[in-house]
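Asker: Encoded as structure tokens, here's the structure I'll be asking about.
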Amino acid sequence: MAQLPPYMTTPQRVWYYGFRVICGLIFFFLIFPIMVIIPLSFNATDFFTFTPEMLAFDPAGYSFKHYHDFFTNPDWQQALRNSVMIAPAATLLATSFGTLAAIGLSQSHVPYRGAIMAILISPMIVPLIISAAGMYFFYSRIGIQGTYWGVVLAHAVLGTPFVIITVTATLVGFDQSLERAAASLGANPVTTFFKVQMPLILPGVISGALFAFITSFDEVVVVLFVGSASQKTLPWQMFTGLREQISPTILAVASILVTLSVILLTVLELMRRRSEKQRGLTPG
Amino acid sequence: MSDTTTNTAEKLTTSDGKPLKASLAKALRRQKMRALLLIAPLLLFVLISFAAPIVDMLFRSVQNEIVPETLPRTVTVLESWDESSGEIPSDVVFSALRDDLVIAAERKRHTRLGSRLNYEMTGMSSLFRKTGRRVDDFGEIFTEQFENLNEAWVEPATWVSLMASEDWVAAQSKWAAAGDDAVPQPAFVLSEAAKQALPRTADIYSGFADVIRTEDGDSPTQEEPWNPVYAALYDDLIENPDAASSYSGAMAELLLTAAEAVPSFEALTAREEFIDADEDWGSLAVWQTLDRYSGRYTDGYYLAALDAQRTADGIEMVPEGQRIYLLLFMRTLILSVVITCSCLLLGYPVAFLLSHLPLRSANLLMILVLLPFWTSLLVRTSAWKVLLQQQGVINDMLVFIGLVSDDGRLALINNATGTVIAMTHILLPFMILPLYSVMKTISPTYVRAAKSLGATDWTAFWRIYFRSLCRGSARVLFWSSSCRSATTSRPNLSAVPPVSSSRTGSPTTSRVP
Amino acid sequence: MKTKSIILALAASLATSTAAYAEEMTIVSWGGAYQASQKSAYTDPYMEMNPDIEVVWDRSSNEAVAKLRAMNEAGNVTWDLVDVVAADAMRLCDEGLAMEYDPDEMLAPAPDGTPASEDFGDLIVSDCFIPQIVYSTTAAYRPDLLPEGAPAPESICAMFDTETYPGKRALEKRPINNVEWALICDGVAKEDVYDVLETEEGQDRAFAKLDTIKDDVIWWSAAAEPPQLLADGEIVMGSSYNGRWFSAIVEENQPFKMLWDAQVFDLDGWIIPAGLPEDRLAMVKDFVKYATDTQRLADQAAYISYGPARNSSAPLVGKHAELGVDMGPHMPTAPENSKNVFVYNYEWWADYRDDLDAKFQAWLVQ
């Protein structure tokens, strides 16, 4: 990084550093709002503003009361429980259906491929509020509005386009002859799928699943319509919290989630480096 | 004959002797089937849990059954009224409306009808609510005069014997004697004689009997009819003076005396009573609206979404002061364009840097992109609230370094600026991630090759890098635009409401019929 | 040690099994300090007495009418008890979405035996409405944000006086109260307000007055927003419910001052959605009987400064449950505060709400 080629001209050098400064500022823009939340979540008052005491680093201006509220308030605990129950189920549904369909779609001869693809991707294109209202009335009619499974179905259907897109993308580079090779060596289709195809498209499946998970975990519009108060998820609780009662507990929850994300992302990165080392690859 | 044999012999066959063409076709069919079978579960799943609700919703957006179902009599007689005549409808229509409205008000349906029609013309809701509260007094003047004539007219029993069929009377008394609440009351049946002689009275009376039975759980044998029933009786007797003599059922005597007396009754038409309750009933516009939206299906909601309405001269724009939606569509569109541009402007350098850095540092920096991506939208929105408000962090900093004075703090929130900043932040990862994945696939050697062939920096960028990028970026734009549309519905910092959240309450639930 | 863990495991399994059989009762309310007071005064003690009932809160009261309409449309009412303001109760009752009830049969009599219908008196403004509290919508400001030398505002018209009191003000994002205040400050006598509003010209006049401050208004839709905005210094004054101002001033020690002038009295209470199945209805009725008795209503006043709706509760109102502040002087009905009260016309609003809402929305967008 520090070693710039000696033949670079001054404008090129200025550009080189200038570009990095610009990118640095953009990164700052991306991360700053999230970082601001964390000190604010230790606010001792019930308003989410930096109080004079906080700015003076007076310990009296800080407290754990919002964290305490999150862990003791049954509303928040119920929301957490629901989120943790709904998101994985929706992810599982979306990923398994989505992966199968993506494999089907990437076969060489699929009748009406365009039309089918359009239908399968539509949950991502139709504005959420429209989908939500439509689902509300339809699900009420078939009796699953306000039930756990209603929310899971709705979230799963919203997550499938992400799975389809990511898995199809990985399948584009998939060599179909591998499948034939496996078949010619006597593997049945199921074995071929799990032993040959799956390991190769796994990265696509995993990232699709992550998208589906975050769709469900961070979704508020559809759950407000399709769910009832007993299915309220974390975003639901945050949404009403923001609207009805601006409580910094939201910021405490956010800080916890951000910390979890940082840990998760770091662990993933460390694992990746380790596996690279084991496979004898030098990192990039 | 011999020709065909030679042809067959020349055809290619597979090892099992089948023609190759057929065999290939079969294989192709099998392949197609396999593909479809793999897709089928998801397709079914999406069709049921997503497409069906949307279709259902589209269907709802043209439904207008509430009007003909709540006002069946009015809608029928209104058909013969010409809305361009410049006159409000005749008394017949008002009498029909009185009958419909009294039933609707007892069933508490009139307020919903008012809310429905209020979308077409403001003022309809209060009109129906106010009138609905008074409609059971309409015709009171007749009730009193009939009562003065003979006390028997306010006896429920009189009416039952006048109106009900004998079978029903028998069934009803059997039911009442059994006293078993689990058995439903028999539905009211009119007698033929009543239907013949007093058609209007019979019609409204059977409506009354139904409401009493279904809404209140009472029996018409115990309840005095509503005032409008008396008004209908007056109308019947005035219109057809011979009705009483042709009526052969019970109470013929009573009816005959009434028929003789009615011409000297003090009268008040339904029209007068409506206009007395609310003078808007005398307005042509109210009746034109009612007439235009009396069908089972309507394009009213779609027209309203385009700030248009039906008038006597066809489709016209609503008055200037009431236009909302086109304005909102425009604002949403402009905001979308601005936000997409700013995302591109900020996302491009970052994606470029990430794709050209060594993997190890790129992955570390990637965390900075992924972290906001994983953070809840609501949280990021509230963070921006804290940052952008007038006494917020950014303004504080600007004041601290002296860029703005303490009195001149910038308004960054509750306006378009705040929306653009926060939405750009929210959508930026959606721009960076796909751009990055596309840029990764463009080998730097292409650009170097172009340069070595004498291309300038610009040409190399434009002809090689940008074009390769374009091939991949359809997906990028698709993502960010779809996410943009998905996000408009989220609570945001804007004072300018996006189309999807323009109404108070939850827009779609209150607007869809 | 071992026995202890076995007991713990047993207790845990018992707890989960009772949880599985617990009846859920969905109560809709307003969130914030108000819902917290209901929780402390009504549901917490009730759930203690009825461990098999679990209360699920839904904070949707401000859109209760739209949501109940949609639920009814969809044929799937998921709420058991809804807290709404009186005008909304009237609308829901008119539309057949709320259940009519008999006060003396369903509600507990006062301790001295006065039947409920008398104890609540004329606060039962609709056949479906079960009154809980009297509250008021009123304004507050921050003296330290007023410009140097400006007199402390004494009239609601300070809200419309951007010359003397420059800066943003927060008003509720709906026509109610705002159009009345606009007319009063445009010179209409208090008692004529609704007569003027009934005419097209009167409505235009109110909006014209609001036009003069439109650029300076931040519209709020949750009552918790104005205290937050005022605490942040985003606004110089705003309207909210008096209980919200109370919690900000007394519980959070915010330097706000109340502006009681032309405060608008309103009622808030329960409605039971129409068409509940028998078992759920029985459960709700039992809860309502408990939650609206004399003691419970008085208890609520220990958490928030709203007046209890029963006459018999008034003498029982004492001090704030945690801070020990006398609640009396903070009530909207205290003589100090109610020198100039605007009487709100529920019935008028029940009739004209849809019309004015549509006009207001169009006006906002312009």
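Here, A, B, ... name the chains of the structure tokens in the order displayed, residue numbers run from 1 inside each chain, and ligands are numbered from 1 in the same displayed order.
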Residues within 10 Å of segment 67-80 of chain A, please, as a PyMOL selection string. Count only C-alpha atoms; anything in the same chain fewer than 6 positions from it doesn't count.
Answerer: (chain A and resi 41-42+229-238+248-253+255-256) or (chain C and resi 56-57)
Asker: Emit the selected residues as a PDB file, in the first residue's frame, including C-alpha atoms.
Answerer:
ATOM      1  CA  SER A  41     -27.824   3.804  24.442  1.00  0.00           C
ATOM      2  CA  PHE A  42     -26.221   4.491  27.811  1.00  0.00           C
ATOM      3  CA  ALA A 229     -49.769  -8.550  18.614  1.00  0.00           C
ATOM      4  CA  SER A 230     -48.788 -12.037  19.755  1.00  0.00           C
ATOM      5  CA  GLN A 231     -46.456 -12.430  16.763  1.00  0.00           C
ATOM      6  CA  LYS A 232     -44.768  -9.105  17.274  1.00  0.00           C
ATOM      7  CA  THR A 233     -41.133  -9.261  16.246  1.00  0.00           C
ATOM      8  CA  LEU A 234     -38.206  -7.065  17.207  1.00  0.00           C
ATOM      9  CA  PRO A 235     -38.728  -4.679  14.278  1.00  0.00           C
ATOM     10  CA  TRP A 236     -42.420  -4.436  15.169  1.00  0.00           C
ATOM     11  CA  GLN A 237     -41.549  -3.561  18.732  1.00  0.00           C
ATOM     12  CA  MET A 238     -38.974  -1.046  17.546  1.00  0.00           C
ATOM     13  CA  PRO A 248     -33.784   4.613  24.117  1.00  0.00           C
ATOM     14  CA  THR A 249     -34.338   0.904  24.744  1.00  0.00           C
ATOM     15  CA  ILE A 250     -34.416   0.743  20.954  1.00  0.00           C
ATOM     16  CA  LEU A 251     -30.869   2.033  20.900  1.00  0.00           C
ATOM     17  CA  ALA A 252     -29.809  -0.517  23.484  1.00  0.00           C
ATOM     18  CA  VAL A 253     -31.292  -3.272  21.320  1.00  0.00           C
ATOM     19  CA  SER A 255     -26.215  -1.687  20.085  1.00  0.00           C
ATOM     20  CA  ILE A 256     -26.569  -5.315  21.071  1.00  0.00           C
TER      21      ILE A 256
ATOM     22  CA  VAL C  56     -50.798  -9.016  24.939  1.00  0.00           C
ATOM     23  CA  TRP C  57     -50.495  -5.297  24.285  1.00  0.00           C
TER      24      TRP C  57
END
Asker: I need the contact residues of chain B against chain A, so if you could list those with any atom within 6 Å, counting only C-alpha atoms, and return them as a list in words, that would help.
Answerer: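 Every residue of chain B that passes the 6 Å test is in Lys32, Ala35, Leu38, Ile39, Leu42, Pro53, Ile54, Met57, Val350, Pro358, Leu359, Ser376, Ala383, Ser482, Ser485 and Ala486 of chain B.
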Asker: With 6 Å as the cut-off and only C-alpha atoms counted, what is the closest atom pair between each nearby residue of chain C and chain B? Distances in Å to one decimal, ordered by chain and number, as JSON lines.
Answerer:
{"residue": "C:Glu63", "atom": "CA", "partner": "B:Gly505", "partner_atom": "CA", "distance": 5.2}
{"residue": "C:Ala66", "atom": "CA", "partner": "B:Ser510", "partner_atom": "CA", "distance": 5.4}
{"residue": "C:Ala70", "atom": "CA", "partner": "B:Thr509", "partner_atom": "CA", "distance": 5.6}
{"residue": "C:Glu95", "atom": "CA", "partner": "B:Lys108", "partner_atom": "CA", "distance": 5.2}
{"residue": "C:Gly96", "atom": "CA", "partner": "B:Lys108", "partner_atom": "CA", "distance": 5.3}
{"residue": "C:Glu234", "atom": "CA", "partner": "B:Gln390", "partner_atom": "CA", "distance": 5.9}
{"residue": "C:Asp351", "atom": "CA", "partner": "B:Ser126", "partner_atom": "CA", "distance": 4.6}
{"residue": "C:Tyr352", "atom": "CA", "partner": "B:Ser126", "partner_atom": "CA", "distance": 5.2}
{"residue": "C:Asp355", "atom": "CA", "partner": "B:Thr122", "partner_atom": "CA", "distance": 5.2}
{"residue": "C:Ala362", "atom": "CA", "partner": "B:Gln322", "partner_atom": "CA", "distance": 5.6}
Asker: How about saving the chosen residues, N, CA and C atoms kept, as a PDB file, in the first residue's frame?
Answerer:
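selection24.pdb, written as the output of this step:
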ATOM      1  N   GLU C  63     -54.708   4.225  15.278  1.00  0.00           N
ATOM      2  CA  GLU C  63     -55.281   3.845  13.994  1.00  0.00           C
ATOM      3  C   GLU C  63     -56.348   2.772  14.194  1.00  0.00           C
ATOM      4  N   ALA C  66     -59.294   2.637  11.499  1.00  0.00           N
ATOM      5  CA  ALA C  66     -58.920   2.048  10.207  1.00  0.00           C
ATOM      6  C   ALA C  66     -58.689   0.552  10.356  1.00  0.00           C
ATOM      7  N   ALA C  70     -60.745  -2.616   8.706  1.00  0.00           N
ATOM      8  CA  ALA C  70     -60.107  -3.636   7.878  1.00  0.00           C
ATOM      9  C   ALA C  70     -60.353  -5.027   8.445  1.00  0.00           C
ATOM     10  N   GLU C  95     -70.747   2.546  13.237  1.00  0.00           N
ATOM     11  CA  GLU C  95     -70.454   1.636  12.137  1.00  0.00           C
ATOM     12  C   GLU C  95     -70.697   0.181  12.515  1.00  0.00           C
ATOM     13  N   GLY C  96     -71.133  -0.028  13.728  1.00  0.00           N
ATOM     14  CA  GLY C  96     -71.408  -1.392  14.156  1.00  0.00           C
ATOM     15  C   GLY C  96     -70.155  -2.200  14.426  1.00  0.00           C
ATOM     16  N   GLU C 234     -35.872  21.181  19.340  1.00  0.00           N
ATOM     17  CA  GLU C 234     -36.262  21.288  17.938  1.00  0.00           C
ATOM     18  C   GLU C 234     -37.431  22.241  17.756  1.00  0.00           C
ATOM     19  N   ASP C 351     -69.253  13.082  13.067  1.00  0.00           N
ATOM     20  CA  ASP C 351     -69.875  13.308  11.759  1.00  0.00           C
ATOM     21  C   ASP C 351     -68.880  13.804  10.718  1.00  0.00           C
ATOM     22  N   TYR C 352     -68.014  14.730  11.129  1.00  0.00           N
ATOM     23  CA  TYR C 352     -67.227  15.433  10.117  1.00  0.00           C
ATOM     24  C   TYR C 352     -65.793  14.940   9.997  1.00  0.00           C
ATOM     25  N   ASP C 355     -64.633  13.863   6.413  1.00  0.00           N
ATOM     26  CA  ASP C 355     -64.551  15.011   5.504  1.00  0.00           C
ATOM     27  C   ASP C 355     -63.298  15.830   5.773  1.00  0.00           C
ATOM     28  N   ALA C 362     -55.142  16.741   1.981  1.00  0.00           N
ATOM     29  CA  ALA C 362     -54.869  17.455   0.737  1.00  0.00           C
ATOM     30  C   ALA C 362     -54.151  18.763   1.026  1.00  0.00           C
TER      31      ALA C 362
END
Asker: Which neighbours of segment 396-399 of chain B fall inside 10 Å, counting only C-alpha atoms, when residues of the same chain fewer than 5 positions from it are skipped, and could you give them as a VMD selection string?
Answerer: chain B and resid 387 to 391 404 to 410
Asker: Residues of the last selection are to be written out with C-alpha atoms, as an mmCIF file, in the first residue's frame.
Answerer:
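File again31.cif, as written:
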data_model
loop_
_atom_site.group_PDB
_atom_site.id
_atom_site.type_symbol
_atom_site.label_atom_id
_atom_site.label_comp_id
_atom_site.auth_asym_id
_atom_site.auth_seq_id
_atom_site.Cartn_x
_atom_site.Cartn_y
_atom_site.Cartn_z
ATOM 1 C CA LEU B 387 -27.651 13.243 13.929
ATOM 2 C CA LEU B 388 -29.625 15.547 11.714
ATOM 3 C CA GLN B 389 -31.936 17.463 13.999
ATOM 4 C CA GLN B 390 -31.324 21.139 14.629
ATOM 5 C CA GLN B 391 -29.819 20.530 18.038
ATOM 6 C CA VAL B 404 -22.892 28.167 10.790
ATOM 7 C CA SER B 405 -24.020 30.471 13.556
ATOM 8 C CA ASP B 406 -25.999 29.200 16.516
ATOM 9 C CA ASP B 407 -29.156 30.920 15.245
ATOM 10 C CA GLY B 408 -28.661 29.739 11.702
ATOM 11 C CA ARG B 409 -28.661 26.010 12.372
ATOM 12 C CA LEU B 410 -29.470 24.076 9.242
#
Asker: What residues in chain C lie within 8 Å of chain A, counting only C-alpha atoms, written as a PyMOL selection string?
Answerer: chain C and resi 26+30-33+56-59+74-76+78+221-225+228+231-232+252
Asker: Got a sec: who's within 8 Å of segment 265-271 of chain B, counting only C-alpha atoms, leaving out chain neighbours fewer than 2 positions off, as a list in words?
Answerer: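 The neighbour list is Ser90, Asp91, Phe94, Ser95, Arg98, Phe138, Gly139, Ile141, Phe142, Gln145, Ala261, Val262, Pro263, Glu273, Phe274 and Ile275 of chain B.
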Asker: Going by DSSP on the backbone, which residues of segment 292-361 of chain B come out as strand (DSSP E or B)? List them as a ChimeraX atom specification.
Answerer: /B:297,308-311,314-317
Asker: Suppose we keep C-alpha atoms; can you now write the selection as a short mmCIF file (atom, residue, chain, number, x, y, z; two decimals), in the first residue's frame?
Answerer:
data_model
loop_
_atom_site.label_atom_id
_atom_site.label_comp_id
_atom_site.auth_asym_id
_atom_site.auth_seq_id
_atom_site.Cartn_x
_atom_site.Cartn_y
_atom_site.Cartn_z
CA TYR B 297 -67.80 -2.28 -10.15
CA ALA B 308 -59.32 12.49 -11.66
CA GLN B 309 -63.05 11.97 -11.22
CA ARG B 310 -66.13 11.28 -13.24
CA THR B 311 -68.34 14.23 -14.02
CA GLY B 314 -66.78 12.47 -18.66
CA ILE B 315 -63.50 12.12 -16.82
CA GLU B 316 -62.00 15.31 -15.49
CA MET B 317 -59.26 16.34 -13.13
#
Asker: In Å to one decimal, how far is atom CA of Asp58 of chain A from atom CA of Ser247 of chain C?
Answerer: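 We find that atom CA of Ser247 of chain C and atom CA of Asp58 of chain A lie 24.1 Å from each other.
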Asker: Pick out the residues sitting within 8 Å of Tyr436 of chain B, and hand them over as a list in words; count only C-alpha atoms, and ignore anything fewer than 4 positions along from it in its own chain.
Answerer: Ala351, Phe352, Leu354, Ser355, Ile432 and Lys440 of chain B
Asker: Would you list the contacts of Ala209 of chain A as a ChimeraX atom specification, taking every protein, DNA or RNA residue within 9 Å and counting only C-alpha atoms, but skipping same-chain residues closer than 2 positions in sequence?
Answerer: /A:91-92,94-95,159-160,162-163,204-207,211-214
Asker: Output N, CA and C atoms for every residue in the selection just made, as a PDB file, in the first residue's frame.
Answerer:
ATOM      1  N   THR A  91     -36.493 -18.648   6.718  1.00  0.00           N
ATOM      2  CA  THR A  91     -35.259 -18.853   5.958  1.00  0.00           C
ATOM      3  C   THR A  91     -35.194 -20.264   5.401  1.00  0.00           C
ATOM      4  N   LEU A  92     -35.535 -21.225   6.260  1.00  0.00           N
ATOM      5  CA  LEU A  92     -35.466 -22.623   5.832  1.00  0.00           C
ATOM      6  C   LEU A  92     -36.395 -22.863   4.647  1.00  0.00           C
ATOM      7  N   ALA A  94     -37.662 -20.637   2.527  1.00  0.00           N
ATOM      8  CA  ALA A  94     -37.251 -19.880   1.350  1.00  0.00           C
ATOM      9  C   ALA A  94     -36.034 -20.527   0.703  1.00  0.00           C
ATOM     10  N   THR A  95     -35.088 -20.962   1.516  1.00  0.00           N
ATOM     11  CA  THR A  95     -33.857 -21.503   0.956  1.00  0.00           C
ATOM     12  C   THR A  95     -34.097 -22.830   0.264  1.00  0.00           C
ATOM     13  N   GLY A 159     -38.491 -13.723   0.957  1.00  0.00           N
ATOM     14  CA  GLY A 159     -37.069 -14.062   0.935  1.00  0.00           C
ATOM     15  C   GLY A 159     -36.652 -14.864  -0.289  1.00  0.00           C
ATOM     16  N   THR A 160     -37.609 -15.547  -0.935  1.00  0.00           N
ATOM     17  CA  THR A 160     -37.218 -16.443  -2.033  1.00  0.00           C
ATOM     18  C   THR A 160     -36.505 -15.747  -3.195  1.00  0.00           C
ATOM     19  N   PHE A 162     -34.327 -13.515  -3.291  1.00  0.00           N
ATOM     20  CA  PHE A 162     -32.897 -13.377  -2.999  1.00  0.00           C
ATOM     21  C   PHE A 162     -32.177 -14.706  -3.189  1.00  0.00           C
ATOM     22  N   VAL A 163     -32.829 -15.773  -2.715  1.00  0.00           N
ATOM     23  CA  VAL A 163     -32.213 -17.097  -2.860  1.00  0.00           C
ATOM     24  C   VAL A 163     -32.090 -17.436  -4.346  1.00  0.00           C
ATOM     25  N   GLY A 204     -23.473 -19.696  -2.835  1.00  0.00           N
ATOM     26  CA  GLY A 204     -24.679 -18.996  -3.287  1.00  0.00           C
ATOM     27  C   GLY A 204     -25.854 -19.280  -2.377  1.00  0.00           C
ATOM     28  N   VAL A 205     -25.994 -20.556  -1.996  1.00  0.00           N
ATOM     29  CA  VAL A 205     -27.107 -20.927  -1.128  1.00  0.00           C
ATOM     30  C   VAL A 205     -26.987 -20.216   0.216  1.00  0.00           C
ATOM     31  N   ILE A 206     -25.753 -20.205   0.745  1.00  0.00           N
ATOM     32  CA  ILE A 206     -25.586 -19.585   2.059  1.00  0.00           C
ATOM     33  C   ILE A 206     -25.871 -18.086   1.993  1.00  0.00           C
ATOM     34  N   SER A 207     -25.363 -17.421   0.952  1.00  0.00           N
ATOM     35  CA  SER A 207     -25.618 -15.979   0.938  1.00  0.00           C
ATOM     36  C   SER A 207     -27.096 -15.709   0.674  1.00  0.00           C
ATOM     37  N   PHE A 211     -29.552 -13.553   3.136  1.00  0.00           N
ATOM     38  CA  PHE A 211     -30.459 -12.488   2.689  1.00  0.00           C
ATOM     39  C   PHE A 211     -31.885 -12.772   3.154  1.00  0.00           C
ATOM     40  N   ALA A 212     -32.295 -14.017   2.990  1.00  0.00           N
ATOM     41  CA  ALA A 212     -33.652 -14.378   3.391  1.00  0.00           C
ATOM     42  C   ALA A 212     -33.818 -14.173   4.889  1.00  0.00           C
ATOM     43  N   PHE A 213     -32.794 -14.524   5.629  1.00  0.00           N
ATOM     44  CA  PHE A 213     -32.855 -14.376   7.078  1.00  0.00           C
ATOM     45  C   PHE A 213     -32.999 -12.907   7.462  1.00  0.00           C
ATOM     46  N   ILE A 214     -32.155 -12.085   6.856  1.00  0.00           N
ATOM     47  CA  ILE A 214     -32.184 -10.672   7.235  1.00  0.00           C
ATOM     48  C   ILE A 214     -33.486 -10.033   6.769  1.00  0.00           C
TER      49      ILE A 214
END
Asker: Any idea what's packed within 12 Å of Leu78 of chain B, counting only C-alpha atoms, ignoring anything in its chain fewer than 6 positions away? Could you give it as a tab-separated table (two decimals) with C-alpha atoms, in the first residue's frame?
Answerer:
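See out12.tsv below for the written result:
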chain	number	residue	atom	x	y	z
B	68	PRO	CA	-75.99	-1.46	-4.61
B	71	LEU	CA	-79.22	0.97	-1.23
B	72	PRO	CA	-80.88	-1.66	-3.47
B	88	ILE	CA	-82.69	16.46	-8.40
B	89	PRO	CA	-84.56	13.13	-8.53
B	90	SER	CA	-88.28	12.78	-7.87
B	91	ASP	CA	-90.09	11.82	-4.69
B	92	VAL	CA	-90.07	8.15	-5.69
B	93	VAL	CA	-86.29	8.10	-5.38
B	94	PHE	CA	-86.38	9.86	-2.05
B	95	SER	CA	-88.96	7.39	-0.70
B	96	ALA	CA	-86.77	4.52	-1.87
B	97	LEU	CA	-83.76	6.14	-0.20
B	287	TRP	CA	-77.16	12.75	-6.51
B	288	GLN	CA	-74.80	12.69	-9.46
B	289	THR	CA	-72.14	11.08	-7.29
B	290	LEU	CA	-74.61	8.54	-5.97
B	291	ASP	CA	-75.78	7.75	-9.50
B	292	ARG	CA	-72.29	7.44	-10.94
B	293	TYR	CA	-71.12	5.08	-8.25
B	294	SER	CA	-74.16	2.87	-8.06
B	295	GLY	CA	-72.72	0.00	-10.11
